[in-house]
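What follows is a set of notes on a single structure, which appears directly below.
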Amino acid sequence: MMRIFSTMNGQIEQIPAAQKGSWTCLSEPTDVELANVAQDTGVDLADLRAPLDDEERSRVDVEDNYTMIIVDIPTVEERDGRDFYETIPLSIIVTEDQIITVCMHDTVLLHPFMEGTIRGFNTFMKSRFILQILYRNATMYLRYLRIIDRESDKLELKLRYSMQNREILMLLELSKALVYFATSLKSNEIVLEKLTNLDRIKQYPDDEDLLDDVITENKQAIEMANIYSSVLSGMTDAFGSIVSNNVNNVMRIFTIISISLAVPTLIFSMYGMNFQNGMFGMPLTDKPWGFVAVVVVSTVLTGVVTWFLTRSKLFK
């Protein structure tokens, strides 16, 4: 899908065709759209296709008539009713007349720019537009990191009493997302360092504070991703042991019950052999109160065995 925007009279508006100072947004673009943009702008078609590969690395490429900046942005994909966090590349191509963004999905990162809710945003101010995208990208990382932290806290409460692997697998998914985030943020940091020394993109004095804010937010996101990743890794190992201990406690109870029930089973099994009275007859079989006595003895022995097992060090 290709959409073209331009700032007119202080308002962002969608226009039918690209013009000087406009912004062309390509989200899930078709081959025809890519070919048309390449023909109209002189951008190499291979560079336009580059961010459509989810393994594309973050970098800055300077060509004769344009500059391409590729950064990783966070995204959420819903699968089986759950949110999975990952990163995808976003390309920002700056030509002499306009700016082009290319992404494999319609990312929410750019929606506020399309809606005109970003303060001080103008499509013709290309260097500021780039910094505003990078700043919002860093804040989105921070937002998703806080969401992941809250989800891990919820899983922590569930895992205290869990005996299943489902919560452990969910923790592993969050841990994997944090690794992706940390790796992408470090790659974006390299891109920011290159932008500070890039003469091709003109930077105005008013943009210096914004660039500092972008670098600060990105570093904060890196630190948060590393901290959360370390905490989550330790939590996964700890709760893996907790799940095993919960299962062991259940098996301990079942073992005590099985051994305790074995006592009356053994006694009543022997009395069920129908021994005749005499030298080898079973005790109390000739007494009218013998059955009650055997039941009482079995109950007492079962209680004693149960009491011993519950206090034995072997079952603690």
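Ordering of the structure tokens sets the chain letters (A, B, ...), residue numbers begin anew at 1 in every chain, and ligands are numbered from 1 in the order given.
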
Would you write out, as CSV, a table of all residues in stretch 95-214 of chain A that have an atom no more than 12 Å from an atom of stretch 42-45 of chain A, listing for each the closest atom pair and the distance in Å to one decimal, considering only C-alpha atoms and ordering rows by chain and rising residue number?
residue,atom,partner,partner_atom,distance
A:Thr95,CA,A:Val43,CA,8.3
A:Glu96,CA,A:Gly42,CA,10.6
A:Asp97,CA,A:Gly42,CA,11.3
A:Gln98,CA,A:Val43,CA,11.5
A:Ile99,CA,A:Val43,CA,11.2
A:Ile100,CA,A:Val43,CA,9.9
A:Val102,CA,A:Leu45,CA,11.7

If we count only C-alpha atoms, what is near A:Thr302 at a cut-off of 10 Å, once residues fewer than 5 positions away on the same chain are taken out, given as number ranges by chain?
-> A: 257, 259-264, 296-297, 307-308

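Among the candidate residues A:Asp153, A:Arg128, A:Arg3, A:Ile69, the one lying nearest to A:Val191 is A:Ile69, with distances computed using only C-alpha atoms.
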
Please provide the set of residues having any atom within 12 Å of A:Ile118, restricted to only C-alpha atoms, with same-chain residues fewer than 2 positions apart removed, written as a PyMOL selection string.
-> chain A and resi 10-12+109-116+120-123+128-129+132-133+135-136

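Of the residues under consideration (A:Leu145, A:Met125, A:Met1, A:Ala35), A:Met125 shows the shortest atom-to-atom contact distance to A:Asp206 when counting only C-alpha atoms.
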
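Straight-line separation from atom CA of A:Val179 to atom CA of A:Thr139: 17.6 Å.
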
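If only C-alpha atoms are the atoms counted, then among A:Asp213, A:Glu77, A:Asp47, A:Asp106 the closest residue to A:Glu63 is A:Asp47.
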
Who sits within 10 Å of A:Ser233, only C-alpha atoms, same chain under 4 positions skipped, as number ranges by chain | A: 171-172, 174-176, 227-229, 237-238

Quick one: pick out all strand (DSSP E) residues within stretch 56-291 of chain A from a backbone DSSP run and write them as a ChimeraX atom specification.
-> /A:59-62,66-79,82-95,99-103

Filtering to N, CA and C atoms, could you give me those residues as a short mmCIF file (atom, residue, chain, number, x, y, z; two decimals), in the first residue's frame?
data_model
loop_
_atom_site.label_atom_id
_atom_site.label_comp_id
_atom_site.auth_asym_id
_atom_site.auth_seq_id
_atom_site.Cartn_x
_atom_site.Cartn_y
_atom_site.Cartn_z
N ARG A 59 21.55 -0.18 9.08
CA ARG A 59 22.74 0.42 8.46
C ARG A 59 22.37 1.77 7.84
N VAL A 60 23.40 2.47 7.39
CA VAL A 60 23.25 3.72 6.66
C VAL A 60 24.03 3.59 5.35
N ASP A 61 23.33 3.73 4.24
CA ASP A 61 23.97 3.67 2.92
C ASP A 61 23.84 5.04 2.25
N VAL A 62 24.96 5.56 1.78
CA VAL A 62 24.99 6.85 1.09
C VAL A 62 25.25 6.61 -0.39
N TYR A 66 20.76 9.82 -3.15
CA TYR A 66 19.88 9.58 -2.00
C TYR A 66 20.66 8.89 -0.88
N THR A 67 20.07 8.94 0.30
CA THR A 67 20.64 8.29 1.49
C THR A 67 19.60 7.36 2.09
N MET A 68 20.01 6.13 2.38
CA MET A 68 19.08 5.15 2.94
C MET A 68 19.48 4.80 4.37
N ILE A 69 18.52 4.90 5.27
CA ILE A 69 18.72 4.57 6.68
C ILE A 69 17.78 3.42 7.02
N ILE A 70 18.34 2.32 7.50
CA ILE A 70 17.53 1.16 7.91
C ILE A 70 17.70 0.95 9.41
N VAL A 71 16.59 0.93 10.13
CA VAL A 71 16.60 0.68 11.57
C VAL A 71 15.59 -0.42 11.88
N ASP A 72 15.78 -1.08 12.99
CA ASP A 72 14.84 -2.10 13.45
C ASP A 72 13.80 -1.45 14.35
N ILE A 73 12.55 -1.78 14.13
CA ILE A 73 11.46 -1.23 14.93
C ILE A 73 10.72 -2.37 15.61
N PRO A 74 10.15 -2.12 16.79
CA PRO A 74 9.40 -3.19 17.49
C PRO A 74 8.01 -3.36 16.90
N THR A 75 7.52 -4.57 16.97
CA THR A 75 6.17 -4.85 16.48
C THR A 75 5.58 -5.98 17.31
N VAL A 76 4.26 -6.06 17.28
CA VAL A 76 3.54 -7.09 18.02
C VAL A 76 2.73 -7.92 17.03
N GLU A 77 2.89 -9.23 17.12
CA GLU A 77 2.14 -10.14 16.26
C GLU A 77 1.28 -11.05 17.13
N GLU A 78 0.01 -11.11 16.83
CA GLU A 78 -0.91 -11.94 17.61
C GLU A 78 -1.00 -13.33 16.99
N ARG A 79 -0.70 -14.34 17.81
CA ARG A 79 -0.80 -15.73 17.39
C ARG A 79 -1.44 -16.55 18.51
N ARG A 82 -2.40 -14.74 21.71
CA ARG A 82 -1.33 -14.16 22.53
C ARG A 82 -0.49 -13.22 21.70
N ASP A 83 0.12 -12.24 22.36
CA ASP A 83 0.97 -11.27 21.69
C ASP A 83 2.42 -11.74 21.70
N PHE A 84 3.04 -11.72 20.54
CA PHE A 84 4.45 -12.07 20.40
C PHE A 84 5.19 -10.83 19.93
N TYR A 85 6.28 -10.51 20.62
CA TYR A 85 7.04 -9.31 20.33
C TYR A 85 8.27 -9.65 19.49
N GLU A 86 8.48 -8.89 18.44
CA GLU A 86 9.63 -9.08 17.58
C GLU A 86 10.00 -7.75 16.94
N THR A 87 11.03 -7.77 16.10
CA THR A 87 11.48 -6.55 15.43
C THR A 87 11.49 -6.77 13.92
N ILE A 88 11.22 -5.70 13.19
CA ILE A 88 11.26 -5.73 11.73
C ILE A 88 11.99 -4.48 11.25
N PRO A 89 12.59 -4.53 10.06
CA PRO A 89 13.31 -3.36 9.56
C PRO A 89 12.39 -2.29 8.98
N LEU A 90 12.78 -1.06 9.15
CA LEU A 90 12.12 0.09 8.54
C LEU A 90 13.17 0.91 7.80
N SER A 91 12.89 1.21 6.54
CA SER A 91 13.83 1.97 5.72
C SER A 91 13.34 3.41 5.58
N ILE A 92 14.26 4.34 5.78
CA ILE A 92 14.00 5.77 5.57
C ILE A 92 14.95 6.24 4.47
N ILE A 93 14.39 6.57 3.33
CA ILE A 93 15.20 6.99 2.17
C ILE A 93 14.99 8.48 1.94
N VAL A 94 16.08 9.21 1.96
CA VAL A 94 16.03 10.66 1.81
C VAL A 94 16.60 11.02 0.45
N THR A 95 15.76 11.59 -0.39
CA THR A 95 16.21 12.09 -1.70
C THR A 95 16.28 13.61 -1.65
N ILE A 99 11.03 12.39 1.02
CA ILE A 99 11.45 11.32 1.93
C ILE A 99 10.52 10.13 1.73
N ILE A 100 11.11 8.93 1.77
CA ILE A 100 10.36 7.69 1.51
C ILE A 100 10.59 6.74 2.68
N THR A 101 9.53 6.14 3.17
CA THR A 101 9.65 5.09 4.19
C THR A 101 9.08 3.80 3.63
N VAL A 102 9.79 2.70 3.91
CA VAL A 102 9.38 1.39 3.40
C VAL A 102 9.40 0.41 4.57
N CYS A 103 8.31 -0.35 4.72
CA CYS A 103 8.22 -1.34 5.79
C CYS A 103 7.36 -2.50 5.30
#

Would you please extract all helix (DSSP H, G or I) residues from stretch 35-84 of chain A, as assigned by DSSP on the backbone, and give them as a list of chain:residue names?
-> A:Ala35, A:Asn36, A:Val37, A:Ala38, A:Gln39, A:Asp40, A:Thr41, A:Leu45, A:Ala46, A:Asp47, A:Leu48, A:Arg49, A:Ala50, A:Pro51, A:Leu52

For the residues in that selection, give me N, CA and C atoms as a tab-separated table (two decimals), in the first residue's frame.
chain	number	residue	atom	x	y	z
A	35	ALA	N	8.26	-0.53	-8.21
A	35	ALA	CA	8.81	-0.17	-9.51
A	35	ALA	C	8.48	1.27	-9.88
A	36	ASN	N	7.27	1.70	-9.58
A	36	ASN	CA	6.87	3.09	-9.89
A	36	ASN	C	7.68	4.09	-9.08
A	37	VAL	N	7.86	3.79	-7.78
A	37	VAL	CA	8.64	4.71	-6.94
A	37	VAL	C	10.09	4.74	-7.40
A	38	ALA	N	10.64	3.59	-7.75
A	38	ALA	CA	12.02	3.54	-8.22
A	38	ALA	C	12.20	4.35	-9.50
A	39	GLN	N	11.22	4.28	-10.38
A	39	GLN	CA	11.29	5.01	-11.63
A	39	GLN	C	11.14	6.52	-11.42
A	40	ASP	N	10.26	6.92	-10.50
A	40	ASP	CA	10.00	8.33	-10.29
A	40	ASP	C	11.10	9.03	-9.50
A	41	THR	N	11.74	8.29	-8.59
A	41	THR	CA	12.71	8.92	-7.68
A	41	THR	C	14.15	8.61	-8.01
A	45	LEU	N	15.93	-0.17	-7.10
A	45	LEU	CA	14.84	-1.06	-6.70
A	45	LEU	C	15.29	-2.03	-5.62
A	46	ALA	N	16.54	-2.45	-5.66
A	46	ALA	CA	17.06	-3.37	-4.63
A	46	ALA	C	17.05	-2.71	-3.25
A	47	ASP	N	17.34	-1.40	-3.20
A	47	ASP	CA	17.30	-0.68	-1.92
A	47	ASP	C	15.87	-0.54	-1.41
A	48	LEU	N	14.93	-0.36	-2.33
A	48	LEU	CA	13.53	-0.29	-1.91
A	48	LEU	C	13.05	-1.63	-1.37
A	49	ARG	N	13.57	-2.71	-1.90
A	49	ARG	CA	13.16	-4.05	-1.45
A	49	ARG	C	13.88	-4.48	-0.17
A	50	ALA	N	14.98	-3.82	0.17
A	50	ALA	CA	15.82	-4.26	1.29
A	50	ALA	C	15.04	-4.44	2.61
A	51	PRO	N	14.22	-3.47	3.04
A	51	PRO	CA	13.52	-3.64	4.33
A	51	PRO	C	12.41	-4.68	4.31
A	52	LEU	N	12.12	-5.24	3.16
A	52	LEU	CA	11.09	-6.27	3.09
A	52	LEU	C	11.62	-7.62	3.53

Nearest candidate to A:Arg252 (options A:Arg311, A:Arg166, A:Val300, A:Trp23; using only C-alpha atoms) = A:Arg311

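Distances to A:Ile215 were evaluated for A:Ala293, A:Leu134, A:Cys25, A:Leu266 using only C-alpha atoms, and the minimum falls at A:Leu134.
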
Computed interatomic separation between atom CA of A:Met224 and atom CA of A:Leu185 (Å) | 10.7 Å
